[in-house]
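Peer 1: data00.txt (compact mmCIF, C-alpha atoms) pasted underneath:
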# COMPACT_ATOMS: atom_id res chain seq x y z
CA MET A 1 10.22 -9.42 19.57
CA GLY A 2 12.02 -7.35 16.96
CA ASN A 3 9.96 -8.51 13.98
CA SER A 4 7.44 -5.65 13.94
CA PHE A 5 7.78 -2.02 12.87
CA GLY A 6 5.46 0.97 13.16
CA LYS A 7 2.76 2.16 15.55
CA LEU A 8 -0.51 2.67 13.64
CA PHE A 9 0.63 1.54 10.18
CA LYS A 10 2.39 -1.54 11.51
CA ILE A 11 4.12 -4.42 9.76
CA THR A 12 5.28 -7.79 11.08
CA THR A 13 7.52 -9.89 8.83
CA TYR A 14 8.33 -13.58 9.03
CA GLY A 15 10.36 -16.21 7.18
CA GLU A 16 13.95 -17.19 6.43
CA SER A 17 16.24 -17.00 3.43
CA HIS A 18 15.94 -20.71 2.60
CA GLY A 19 12.61 -21.48 4.23
CA LEU A 20 9.44 -22.25 2.29
CA ALA A 21 8.24 -18.66 2.24
CA LEU A 22 8.55 -15.11 3.53
CA GLY A 23 5.63 -12.96 4.49
CA VAL A 24 4.27 -9.81 6.07
CA ILE A 25 1.19 -8.84 8.06
CA ILE A 26 0.19 -5.18 7.60
CA GLU A 27 -2.06 -3.65 10.25
CA GLY A 28 -3.59 -0.20 10.31
CA CYS A 29 -3.98 0.41 6.59
CA PRO A 30 -7.21 2.41 6.21
CA ALA A 31 -10.14 0.82 4.41
CA GLY A 32 -10.97 2.03 0.93
CA LEU A 33 -7.48 2.20 -0.59
CA LYS A 34 -7.61 0.87 -4.15
CA ILE A 35 -4.59 -1.37 -4.65
CA ASP A 36 -2.69 -1.19 -7.93
CA GLU A 37 -1.19 -4.69 -7.93
CA ALA A 38 0.94 -3.90 -11.00
CA LYS A 39 2.80 -1.29 -8.93
CA LEU A 40 3.38 -3.81 -6.15
CA ILE A 41 4.83 -6.23 -8.69
CA ALA A 42 7.05 -3.50 -10.18
CA GLU A 43 8.53 -2.71 -6.76
CA MET A 44 9.28 -6.37 -6.14
CA GLN A 45 10.98 -6.62 -9.53
CA ARG A 46 13.28 -3.74 -8.57
CA ARG A 47 14.44 -5.61 -5.44
CA LYS A 48 14.54 -9.17 -6.78
CA PRO A 49 17.87 -11.01 -7.19
CA GLY A 50 19.35 -11.98 -10.53
CA GLN A 51 18.37 -8.79 -12.34
CA SER A 52 21.78 -7.81 -13.75
CA LYS A 53 25.46 -8.72 -13.92
CA ILE A 54 26.19 -6.66 -10.80
CA THR A 55 23.69 -8.44 -8.55
CA THR A 56 23.43 -11.93 -7.06
CA GLN A 57 22.44 -14.58 -9.59
CA ARG A 58 19.91 -16.27 -7.31
CA LYS A 59 16.71 -16.58 -9.38
CA GLU A 60 13.64 -15.51 -7.45
CA GLU A 61 10.71 -13.88 -9.24
CA ASP A 62 9.43 -12.68 -5.86
CA GLU A 63 5.85 -13.42 -6.81
CA PHE A 64 3.45 -12.78 -3.94
CA GLU A 65 -0.09 -13.60 -2.91
CA ILE A 66 -2.38 -11.29 -0.98
CA LYS A 67 -4.15 -13.61 1.43
CA SER A 68 -6.33 -11.21 3.42
CA GLY A 69 -7.37 -7.62 3.99
CA VAL A 70 -8.17 -6.81 0.34
CA PHE A 71 -11.54 -7.43 -1.31
CA GLU A 72 -12.16 -6.74 -5.00
CA GLY A 73 -8.89 -4.79 -5.14
CA VAL A 74 -9.71 -2.48 -2.21
CA THR A 75 -8.39 -2.60 1.37
CA THR A 76 -11.00 -3.57 3.96
CA GLY A 77 -9.30 -2.10 7.03
CA THR A 78 -8.51 -5.57 8.41
CA PRO A 79 -4.97 -7.04 8.60
CA ILE A 80 -3.42 -7.54 5.17
CA GLY A 81 -1.51 -10.81 4.84
CA ILE A 82 0.98 -11.27 2.00
CA VAL A 83 3.05 -14.39 1.26
CA ILE A 84 6.18 -14.58 -0.94
CA ASN A 85 7.20 -18.13 -1.78
CA ASN A 86 10.89 -19.06 -2.07
CA SER A 87 11.67 -21.05 -5.20
CA ASP A 88 15.45 -21.09 -5.75
CA GLN A 89 16.94 -22.17 -2.43
CA LYS A 90 20.31 -23.91 -2.68
CA SER A 91 20.87 -24.81 0.95
CA LYS A 92 23.75 -27.14 0.04
CA ASP A 93 25.75 -23.99 -0.83
CA TYR A 94 25.94 -23.37 2.93
CA SER A 95 26.58 -26.86 4.36
CA HIS A 96 30.31 -26.08 4.50
CA ILE A 97 29.71 -23.33 7.10
CA SER A 98 27.11 -25.16 9.20
CA ASP A 99 29.30 -24.81 12.32
CA LYS A 100 31.60 -21.97 11.20
CA PHE A 101 31.24 -18.26 11.86
CA ARG A 102 31.55 -16.19 8.68
CA PRO A 103 33.48 -12.92 9.27
CA SER A 104 31.20 -9.86 9.68
CA HIS A 105 28.03 -11.97 9.41
CA ALA A 106 25.38 -12.50 12.08
CA ASP A 107 26.39 -16.16 12.50
CA PHE A 108 28.20 -15.68 15.82
CA THR A 109 25.77 -13.18 17.34
CA TYR A 110 22.69 -15.26 16.45
CA PHE A 111 24.39 -18.34 17.93
CA GLU A 112 25.19 -16.44 21.14
CA LYS A 113 21.62 -15.12 21.39
CA TYR A 114 19.68 -18.30 20.56
CA GLY A 115 22.15 -21.12 21.12
CA LEU A 116 21.54 -22.32 17.57
CA ARG A 117 21.25 -20.83 14.09
CA ASP A 118 19.82 -21.45 10.66
CA TYR A 119 23.00 -21.44 8.57
CA ARG A 120 21.16 -21.71 5.21
CA GLY A 121 21.86 -18.32 3.70
CA GLY A 122 21.86 -16.71 7.12
CA GLY A 123 18.27 -17.71 7.91
CA ARG A 124 16.35 -14.81 9.44
CA SER A 125 19.38 -12.50 9.32
CA SER A 126 19.50 -12.68 5.51
CA ALA A 127 18.66 -9.68 3.35
CA ARG A 128 16.12 -11.99 1.70
CA GLU A 129 13.81 -10.86 4.54
CA THR A 130 13.61 -7.41 2.95
CA ALA A 131 11.37 -8.77 0.19
CA ALA A 132 8.54 -8.68 2.73
CA ARG A 133 9.36 -5.07 3.62
CA VAL A 134 9.34 -3.99 -0.02
CA VAL A 135 5.87 -5.29 -0.76
CA ALA A 136 4.56 -3.64 2.44
CA GLY A 137 6.37 -0.42 1.59
CA ALA A 138 4.93 -0.50 -1.94
CA LEU A 139 1.48 -0.53 -0.40
CA ALA A 140 2.45 2.35 1.90
CA LYS A 141 3.64 4.27 -1.16
CA GLN A 142 0.19 3.93 -2.70
CA LEU A 143 -1.36 5.28 0.48
CA LEU A 144 1.02 8.26 0.38
CA GLU A 145 0.21 8.91 -3.28
CA THR A 146 -3.34 9.78 -2.22
CA LYS A 147 -1.75 12.67 -0.28
CA GLY A 148 0.57 13.67 -3.15
CA ILE A 149 3.66 12.43 -1.27
CA SER A 150 6.44 10.79 -3.29
CA VAL A 151 9.47 8.76 -2.17
CA GLN A 152 12.44 8.48 -4.54
CA ALA A 153 15.83 6.93 -3.79
CA PHE A 154 18.92 6.50 -5.94
CA VAL A 155 22.54 5.38 -5.76
CA SER A 156 24.80 8.36 -5.08
CA GLN A 157 28.11 6.64 -4.28
CA VAL A 158 29.99 3.39 -4.86
CA GLY A 159 33.36 3.07 -3.13
CA GLU A 160 35.10 6.40 -3.65
CA LEU A 161 33.06 7.28 -6.76
CA LYS A 162 30.54 9.88 -5.65
CA LEU A 163 27.99 12.12 -7.34
CA ASP A 164 29.23 15.70 -7.06
CA LYS A 165 25.76 17.21 -7.60
CA SER A 166 22.89 17.85 -5.22
CA TYR A 167 19.71 15.87 -5.85
CA THR A 168 18.09 19.19 -6.82
CA GLU A 169 20.40 19.35 -9.86
CA LEU A 170 19.53 15.85 -11.06
CA ASP A 171 16.61 14.35 -12.96
CA LEU A 172 15.73 11.61 -10.51
CA SER A 173 13.44 9.92 -13.05
CA LYS A 174 16.60 8.76 -14.86
CA ALA A 175 17.62 6.57 -11.93
CA GLU A 176 15.69 3.59 -13.30
CA GLU A 177 17.31 3.88 -16.74
CA ASN A 178 20.44 1.94 -15.75
CA ILE A 179 21.15 -1.19 -13.72
CA LEU A 180 22.84 0.80 -10.95
CA ARG A 181 19.87 3.13 -10.32
CA CYS A 182 21.97 6.28 -10.48
CA PRO A 183 20.40 9.35 -12.16
CA ASP A 184 23.73 10.53 -13.65
CA PRO A 185 24.33 8.25 -16.69
CA GLU A 186 28.06 8.97 -17.00
CA LYS A 187 28.81 8.50 -13.32
CA ALA A 188 26.60 5.41 -13.31
CA GLU A 189 28.73 3.80 -15.99
CA GLU A 190 31.89 4.44 -13.96
CA MET A 191 30.28 2.92 -10.87
CA ILE A 192 29.05 -0.13 -12.80
CA GLU A 193 32.56 -0.72 -14.15
CA LEU A 194 33.96 -0.47 -10.63
CA ILE A 195 31.45 -3.00 -9.24
CA ASP A 196 32.11 -5.37 -12.13
CA SER A 197 35.88 -5.18 -11.59
CA VAL A 198 35.40 -5.84 -7.87
CA ARG A 199 33.20 -8.83 -8.73
CA LYS A 200 35.89 -10.23 -11.02
CA ASP A 201 38.37 -9.84 -8.15
CA ARG A 202 36.00 -12.05 -6.10
CA ASP A 203 35.52 -9.17 -3.67
CA THR A 204 32.78 -6.71 -2.66
CA ILE A 205 32.38 -2.95 -2.22
CA GLY A 206 30.06 -0.57 -0.37
CA GLY A 207 28.07 2.48 -1.37
CA VAL A 208 25.48 5.12 -0.49
CA VAL A 209 21.78 5.40 -1.30
CA THR A 210 20.19 8.86 -1.16
CA CYS A 211 16.45 9.23 -0.60
CA VAL A 212 14.18 12.23 -1.22
CA ILE A 213 10.64 12.52 0.16
CA LYS A 214 8.57 15.29 -1.44
CA ASN A 215 5.34 16.99 -0.37
CA THR A 216 5.27 15.79 3.24
CA PRO A 217 3.00 18.29 5.00
CA ALA A 218 4.43 20.40 7.82
CA GLY A 219 3.71 19.16 11.32
CA ILE A 220 4.40 15.43 10.89
CA GLY A 221 6.48 13.85 13.66
CA GLU A 222 6.49 13.36 17.40
CA PRO A 223 8.45 15.32 20.03
CA VAL A 224 11.48 14.21 21.99
CA PHE A 225 12.03 10.44 21.61
CA ASP A 226 9.98 9.70 18.49
CA ARG A 227 11.30 12.50 16.31
CA LEU A 228 10.68 11.97 12.61
CA HIS A 229 14.37 11.81 11.73
CA ALA A 230 15.02 9.41 14.61
CA GLU A 231 12.38 7.03 13.27
CA LEU A 232 13.75 7.34 9.74
CA GLY A 233 17.20 6.58 11.13
CA LYS A 234 15.90 3.53 12.98
CA ALA A 235 14.16 2.33 9.81
CA MET A 236 17.28 2.67 7.69
CA LEU A 237 19.61 1.17 10.29
CA SER A 238 17.32 -1.87 10.47
CA ILE A 239 18.21 -2.71 6.85
CA ASN A 240 20.90 -5.36 6.36
CA ALA A 241 24.44 -4.02 5.76
CA VAL A 242 23.58 -0.40 6.70
CA LYS A 243 26.38 1.30 8.65
CA GLY A 244 25.33 4.93 8.66
CA PHE A 245 22.47 7.44 8.32
CA GLU A 246 22.55 11.21 7.92
CA TYR A 247 19.79 13.66 7.00
CA GLY A 248 19.90 17.21 5.76
CA SER A 249 23.39 18.68 5.89
CA GLY A 250 24.47 15.68 7.96
CA PHE A 251 28.15 15.44 8.84
CA GLU A 252 29.04 18.10 6.27
CA GLY A 253 27.05 20.59 8.35
CA VAL A 254 29.75 20.64 11.04
CA LYS A 255 31.97 22.57 8.62
CA MET A 256 29.50 25.48 8.41
CA ARG A 257 28.82 28.45 10.67
CA GLY A 258 25.33 28.90 12.06
CA SER A 259 24.87 32.09 10.04
CA LYS A 260 25.22 30.03 6.85
CA HIS A 261 23.54 26.86 8.07
CA ASN A 262 20.31 28.45 9.35
CA ASP A 263 17.33 28.08 7.00
CA THR A 264 15.67 31.50 6.67
CA PHE A 265 11.86 31.49 6.77
CA VAL A 266 9.85 33.32 4.11
CA GLN A 267 6.14 33.59 3.33
CA GLU A 268 5.10 32.24 -0.08
CA GLY A 269 1.39 32.69 -0.64
CA ASP A 270 -0.35 30.87 2.19
CA LYS A 271 2.69 28.79 3.11
CA VAL A 272 5.79 29.36 5.21
CA ARG A 273 8.87 28.14 3.32
CA THR A 274 12.64 28.22 3.85
CA LEU A 275 15.17 29.74 1.44
CA THR A 276 17.62 26.87 2.03
CA ASN A 277 17.09 23.35 3.32
CA HIS A 278 20.09 22.37 5.41
CA SER A 279 17.56 21.03 7.95
CA GLY A 280 16.54 18.29 5.51
CA GLY A 281 12.85 19.11 5.87
CA ILE A 282 12.78 18.34 9.61
CA GLN A 283 13.15 20.73 12.55
CA GLY A 284 12.62 19.77 16.17
CA GLY A 285 11.88 16.25 14.96
CA ILE A 286 8.83 17.49 13.02
CA SER A 287 8.48 18.04 9.26
CA ASN A 288 8.49 21.67 8.08
CA GLY A 289 7.04 21.04 4.61
CA GLU A 290 10.32 21.12 2.68
CA ASP A 291 11.89 18.10 0.96
CA ILE A 292 13.06 15.44 3.41
CA TYR A 293 16.36 14.02 2.21
CA PHE A 294 18.92 11.67 3.71
CA ASN A 295 21.84 9.35 2.93
CA VAL A 296 22.18 5.70 3.88
CA ALA A 297 25.64 4.07 3.91
CA PHE A 298 25.96 0.36 3.08
CA LYS A 299 29.04 -1.68 3.94
CA PRO A 300 30.73 -4.07 1.48
CA VAL A 301 28.78 -7.34 1.41
CA ALA A 302 30.32 -9.65 4.02
CA THR A 303 30.41 -12.79 1.86
CA ILE A 304 33.44 -12.69 -0.42
CA MET A 305 34.62 -15.42 -2.77
CA MET A 306 37.92 -15.80 -0.92
CA ASP A 307 39.20 -17.96 1.94
CA GLN A 308 39.06 -16.23 5.33
CA ASP A 309 40.31 -17.24 8.75
CA SER A 310 37.67 -17.74 11.43
CA VAL A 311 36.58 -20.07 14.25
CA ASN A 312 33.79 -22.61 14.58
CA GLU A 313 31.22 -23.29 17.31
CA ALA A 314 33.80 -25.39 19.18
CA GLY A 315 36.26 -22.48 19.21
CA GLU A 316 38.64 -24.14 16.77
CA ASN A 317 40.53 -22.22 14.10
CA VAL A 318 39.00 -22.83 10.66
CA VAL A 319 39.02 -21.44 7.13
CA VAL A 320 35.76 -20.14 5.69
CA SER A 321 35.46 -20.48 1.91
CA GLY A 322 33.11 -18.15 0.05
CA LYS A 323 30.43 -20.02 -1.88
CA GLY A 324 26.89 -19.37 -3.05
CA ARG A 325 25.37 -16.44 -4.92
CA HIS A 326 25.90 -12.97 -3.53
CA ASP A 327 25.87 -9.30 -4.54
CA PRO A 328 29.29 -7.71 -5.19
CA CYS A 329 27.63 -4.44 -4.12
CA VAL A 330 24.26 -4.23 -2.42
CA VAL A 331 23.23 -0.66 -3.31
CA PRO A 332 21.47 -1.24 -6.67
CA ARG A 333 18.97 -3.59 -5.02
CA ALA A 334 18.87 -1.55 -1.80
CA VAL A 335 17.21 1.43 -3.51
CA PRO A 336 13.63 0.03 -3.32
CA ILE A 337 14.28 -1.21 0.23
CA VAL A 338 15.24 2.30 1.37
CA GLU A 339 12.15 3.70 -0.36
CA ALA A 340 9.94 1.06 1.27
CA MET A 341 11.16 1.76 4.80
CA ALA A 342 10.86 5.53 4.27
CA ALA A 343 7.29 5.13 2.99
CA LEU A 344 6.37 2.99 6.00
CA VAL A 345 7.64 5.67 8.38
CA ILE A 346 5.84 8.55 6.66
CA ALA A 347 2.59 6.58 6.33
CA ASP A 348 2.71 5.77 10.04
CA TYR A 349 3.33 9.38 11.03
CA ILE A 350 0.62 10.69 8.69
CA LEU A 351 -1.87 8.48 10.52
CA LEU A 352 -0.46 9.49 13.92
CA SER A 353 -0.84 13.17 13.00
CA LYS A 354 -4.61 12.71 12.91
CA SER A 355 -4.60 12.60 16.71
CA ASN A 356 -2.63 15.82 17.24
CA LYS A 357 -5.40 18.39 16.91
CA LEU A 358 -9.04 18.40 18.00
CA GLN A 359 -10.14 19.57 14.54
CA ASP A 360 -8.49 16.49 12.98
CA PHE A 361 -11.08 14.21 14.59
What's the structure tokens form of this structure?
Peer 2:
Amino acid sequence: MGNSFGKLFKITTYGESHGLALGVIIEGCPAGLKIDEAKLIAEMQRRKPGQSKITTQRKEEDEFEIKSGVFEGVTTGTPIGIVINNSDQKSKDYSHISDKFRPSHADFTYFEKYGLRDYRGGGRSSARETAARVVAGALAKQLLETKGISVQAFVSQVGELKLDKSYTELDLSKAEENILRCPDPEKAEEMIELIDSVRKDRDTIGGVVTCVIKNTPAGIGEPVFDRLHAELGKAMLSINAVKGFEYGSGFEGVKMRGSKHNDTFVQEGDKVRTLTNHSGGIQGGISNGEDIYFNVAFKPVATIMMDQDSVNEAGENVVVSGKGRHDPCVVPRAVPIVEAMAALVIADYILLSKSNKLQDF
């Protein structure tokens, strides 16, 4: 349980941080989708470790093999199996915490749940698992491209340094032009300097990733319990180190009066549009055709290169020493993960929408 996501476009991931391989099974992808493998590789390169001075220095190329479900570059409609081999495991980096609980990690909770744990890099609880999500999400992105739907995320905050512009005022294509993945070059440089100084202090810091989904048709989503924003929230909160999710006006909306917050409807040609978009493209849990946008808050990475007090499996007081290779700030590498999970949700709901109306059959 807990290793699958989605209803019609469904993924199941497997593997551990320091195991032989990670992988994903993708079910429900329609037959006939031509796969651009170069785009899949590009997405994996965006997530891979060791890509800059502000990310972990673990060296994994994140090369993958498509084992099933694709024939001559086209999906067959059968389950797609993808394997990502691990190549740079250094399990000895974790032998010192084999019976110790690292503060704010999943060590204690996994031990309580299963009665044992894979301490090598956190095992299944490691963010290494997200490599499987990214390759699946990259495929979902290609499916969405056939509908003209785009998913773009970027770093909007590190610590207290925050972009003071709306995404509508930014050129989001510039996000990939720096190692932070922030579309404001000047603010990006400040954030990079902050992360680097935190790294030199042997500490970590948190941040925010903003995501924008464009051209989602109106009418996507399910009522009551499976609202579109609820599923997006679930998807984002399933990502390692995520502590918060808000869409549209989010928590800032509480400062507004309804007369200012309401999005006025207007007719533009053959489409109903809204003059503002405080709703974040979703009303009543269903898309209204406007941009869907949301923020995802990531905590400071739990592993710090300092000694910390803790206890071990026997309940004895111990000191945990930070070792291994870890990100001083997770948000630069989290950008493609956020995009992947968003794409998986929208792809799933696009397929679900085909059962809403008789004329869709």
Peer 1: Would you pick out the contacts of Ala132 in chain A at 7 Å or less, using only C-alpha atoms, so that residues sharing its chain but fewer than 3 positions from it are not included, and give the list as a ChimeraX atom specification?
Peer 2: /A:13,22-24,129,135-136
Peer 1: Extract, using only C-alpha atoms, all DNA, RNA and protein residues at most 12 Å from Leu351 in chain A, discarding same-chain residues fewer than 2 positions from it, and format them as a PyMOL selection string.
Peer 2: chain A and resi 6-10+28-30+140+143-144+147+220-222+344-349+353-356+360-361
Peer 1: From the set A:Lys200, A:Arg273, A:His278, A:Lys255, which residue has the shortest atom-to-atom contact distance to Ile54 in chain A, counting all atoms listed in the file?
Peer 2: A:Lys200
Peer 1: Which residue is closest to Gly115 in chain A? Choose from A:Pro300, A:Val158, A:Ile213, A:Asp99 and count only C-alpha atoms.
Peer 2: A:Asp99
Peer 1: I'd like the contact shell of Lys141 in chain A - 9 Å cut-off, all atoms listed in the file, skipping same-chain residues fewer than 5 positions apart - returned as a list in words.
Peer 2: Ala136, Thr146, Ile149, Ser150, Val151, Glu339, Ala340, Ala343, Leu344 and Ala347 of chain A
Peer 1: Can you tell me which residues surround Asn295 in chain A at a distance of at most 8 Å, considering all atoms listed in the file, apart from same-chain residues fewer than 3 positions away, and format the answer as a list in words?
Peer 2: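 After dropping sequence-adjacent residues, the list is Val208, Val209, Thr210, Cys211, Phe245, Glu246 and Tyr247 of chain A.
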Peer 1: Can you tell me, as a list in words, which residues sit within 6 Å of (4.0, -7.2, 9.9) in the file's frame, using only C-alpha atoms?
Peer 2: Ser4, Ile11, Thr12, Thr13, Val24, Ile25 and Ile26 of chain A
Peer 1: Tell me, as a list in words, which residues lie within 9 Å of Asp196 in chain A, counting only C-alpha atoms; anything in the same chain fewer than 5 positions away does not count.
Peer 2: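 Contacts, in chain order: Lys53, Ile54, Met191, Asp201 and Pro328 of chain A.
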Peer 1: For the atom pair CA of Thr78 in chain A and CA of Arg47 in chain A, what is the interatomic distance in Å to one decimal place?
Peer 2: 26.8 Å
Peer 1: Which residue gives the smallest distance to Glu37 in chain A among A:Val74, A:Phe5, A:Arg120, A:Ser156, with all atoms listed in the file counted?
Peer 2: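 For Glu37 in chain A, the nearest of the given residues is A:Val74.
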Peer 1: Using all atoms listed in the file, which of the listed residues (A:Gly19, A:Gly322, A:Pro336, A:Gly284) sits closest to Ala230 in chain A?
Peer 2: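 Under the stated criterion, the closest residue is A:Gly284.
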Peer 1: So how many Å separate CA of Ile192 in chain A and CA of Gly248 in chain A, to one decimal?
Peer 2: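 CA of Ile192 in chain A sits 27.0 Å away from CA of Gly248 in chain A.
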Peer 1: To test the calculation: enclose all listed atoms of range 156-175 of chain A in a box whose edges run along x, y and z, add 4 Å on each side, then state centre and edge lengths in Å to one decimal, as AutoDock Vina command-line options.
Peer 2:
--center_x 24.3 --center_y 11.2 --center_z -9.0 --size_x 29.7 --size_y 24.3 --size_z 19.7
Peer 1: Which residues of range 27-107 of chain A come within 8 Å of range 311-321 of chain A, and what is each one's closest atom pair and distance in Å (one decimal), counting all atoms listed in the file, sorted by chain and residue number, as JSON lines?
Peer 2:
{"residue": "A:Ile97", "atom": "CA", "partner": "A:Val320", "partner_atom": "CA", "distance": 7.0}
{"residue": "A:Asp99", "atom": "CA", "partner": "A:Asn312", "partner_atom": "CA", "distance": 5.5}
{"residue": "A:Lys100", "atom": "CA", "partner": "A:Asn312", "partner_atom": "CA", "distance": 4.1}
{"residue": "A:Phe101", "atom": "CA", "partner": "A:Asn312", "partner_atom": "CA", "distance": 5.7}
{"residue": "A:Arg102", "atom": "CA", "partner": "A:Val320", "partner_atom": "CA", "distance": 6.5}
Peer 1: Between A:Ala127, A:Val198, A:Ala218, A:Val330, which residue has the minimum interatomic distance to Asp291 in chain A, considering only C-alpha atoms?
Peer 2: A:Ala218
Peer 1: Quick one: distance from CA of Tyr293 in chain A to CA of Arg257 in chain A in Å, one decimal?
Peer 2: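 According to the coordinates, CA of Tyr293 in chain A and CA of Arg257 in chain A are separated by 20.9 Å.
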Peer 1: Using all atoms listed in the file, what table do you get, as a Markdown table, when you list each residue of range 256-348 of chain A with an atom no more than 8 Å from range 223-228 of chain A, its nearest pair of atoms, and their distance in Å rounded to one decimal, rows by chain then rising number?
Peer 2:
| residue | atom | partner | partner_atom | distance |
| --- | --- | --- | --- | --- |
| A:Ile282 | CA | A:Leu228 | CA | 7.3 |
| A:Gly284 | CA | A:Pro223 | CA | 7.2 |
| A:Gly285 | CA | A:Arg227 | CA | 4.0 |
| A:Ile286 | CA | A:Leu228 | CA | 5.8 |
| A:Ser287 | CA | A:Leu228 | CA | 7.3 |
Peer 1: Missing atoms in range 226-232 of chain A need filling: write out all heavy atoms for it as a tab-separated table (two decimals), in the coordinates of the input.
Peer 2:
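Result file part.tsv:
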chain	number	residue	atom	x	y	z
A	226	ASP	N	10.47	10.25	19.74
A	226	ASP	CA	9.98	9.70	18.49
A	226	ASP	C	10.05	10.73	17.36
A	226	ASP	O	9.16	10.81	16.52
A	226	ASP	CB	8.54	9.19	18.64
A	226	ASP	CG	8.47	7.97	19.53
A	226	ASP	OD1	9.45	7.19	19.53
A	226	ASP	OD2	7.45	7.77	20.21
A	227	ARG	N	11.11	11.50	17.36
A	227	ARG	CA	11.30	12.50	16.31
A	227	ARG	C	11.29	11.82	14.95
A	227	ARG	O	11.72	10.67	14.81
A	227	ARG	CB	12.62	13.23	16.53
A	227	ARG	CG	12.67	14.02	17.83
A	227	ARG	CD	14.08	14.51	18.13
A	227	ARG	NE	14.16	15.08	19.47
A	227	ARG	CZ	14.16	16.40	19.72
A	227	ARG	NH1	14.09	17.26	18.72
A	227	ARG	NH2	14.25	16.84	20.95
A	228	LEU	N	10.82	12.54	13.93
A	228	LEU	CA	10.68	11.97	12.61
A	228	LEU	C	12.01	11.47	12.06
A	228	LEU	O	12.10	10.37	11.51
A	228	LEU	CB	10.07	13.01	11.65
A	228	LEU	CG	9.82	12.56	10.22
A	228	LEU	CD1	8.96	11.30	10.16
A	228	LEU	CD2	9.16	13.69	9.42
A	229	HIS	N	13.08	12.26	12.25
A	229	HIS	CA	14.37	11.81	11.73
A	229	HIS	C	14.93	10.63	12.52
A	229	HIS	O	15.66	9.81	11.97
A	229	HIS	CB	15.38	12.98	11.70
A	229	HIS	CG	15.66	13.59	13.03
A	229	HIS	ND1	14.89	14.61	13.55
A	229	HIS	CD2	16.62	13.35	13.95
A	229	HIS	CE1	15.36	14.96	14.73
A	229	HIS	NE2	16.41	14.21	14.99
A	230	ALA	N	14.57	10.55	13.81
A	230	ALA	CA	15.02	9.41	14.61
A	230	ALA	C	14.36	8.12	14.11
A	230	ALA	O	15.00	7.07	14.04
A	230	ALA	CB	14.70	9.63	16.08
A	231	GLU	N	13.08	8.21	13.76
A	231	GLU	CA	12.38	7.03	13.27
A	231	GLU	C	12.87	6.63	11.87
A	231	GLU	O	12.99	5.45	11.56
A	231	GLU	CB	10.87	7.28	13.25
A	231	GLU	CG	10.03	6.02	13.17
A	231	GLU	CD	10.11	5.16	14.42
A	231	GLU	OE1	10.64	5.63	15.45
A	231	GLU	OE2	9.63	4.01	14.37
A	232	LEU	N	13.17	7.64	11.05
A	232	LEU	CA	13.75	7.34	9.74
A	232	LEU	C	15.12	6.67	9.91
A	232	LEU	O	15.45	5.71	9.20
A	232	LEU	CB	13.89	8.62	8.90
A	232	LEU	CG	12.60	9.16	8.28
A	232	LEU	CD1	12.83	10.56	7.74
A	232	LEU	CD2	12.10	8.24	7.16
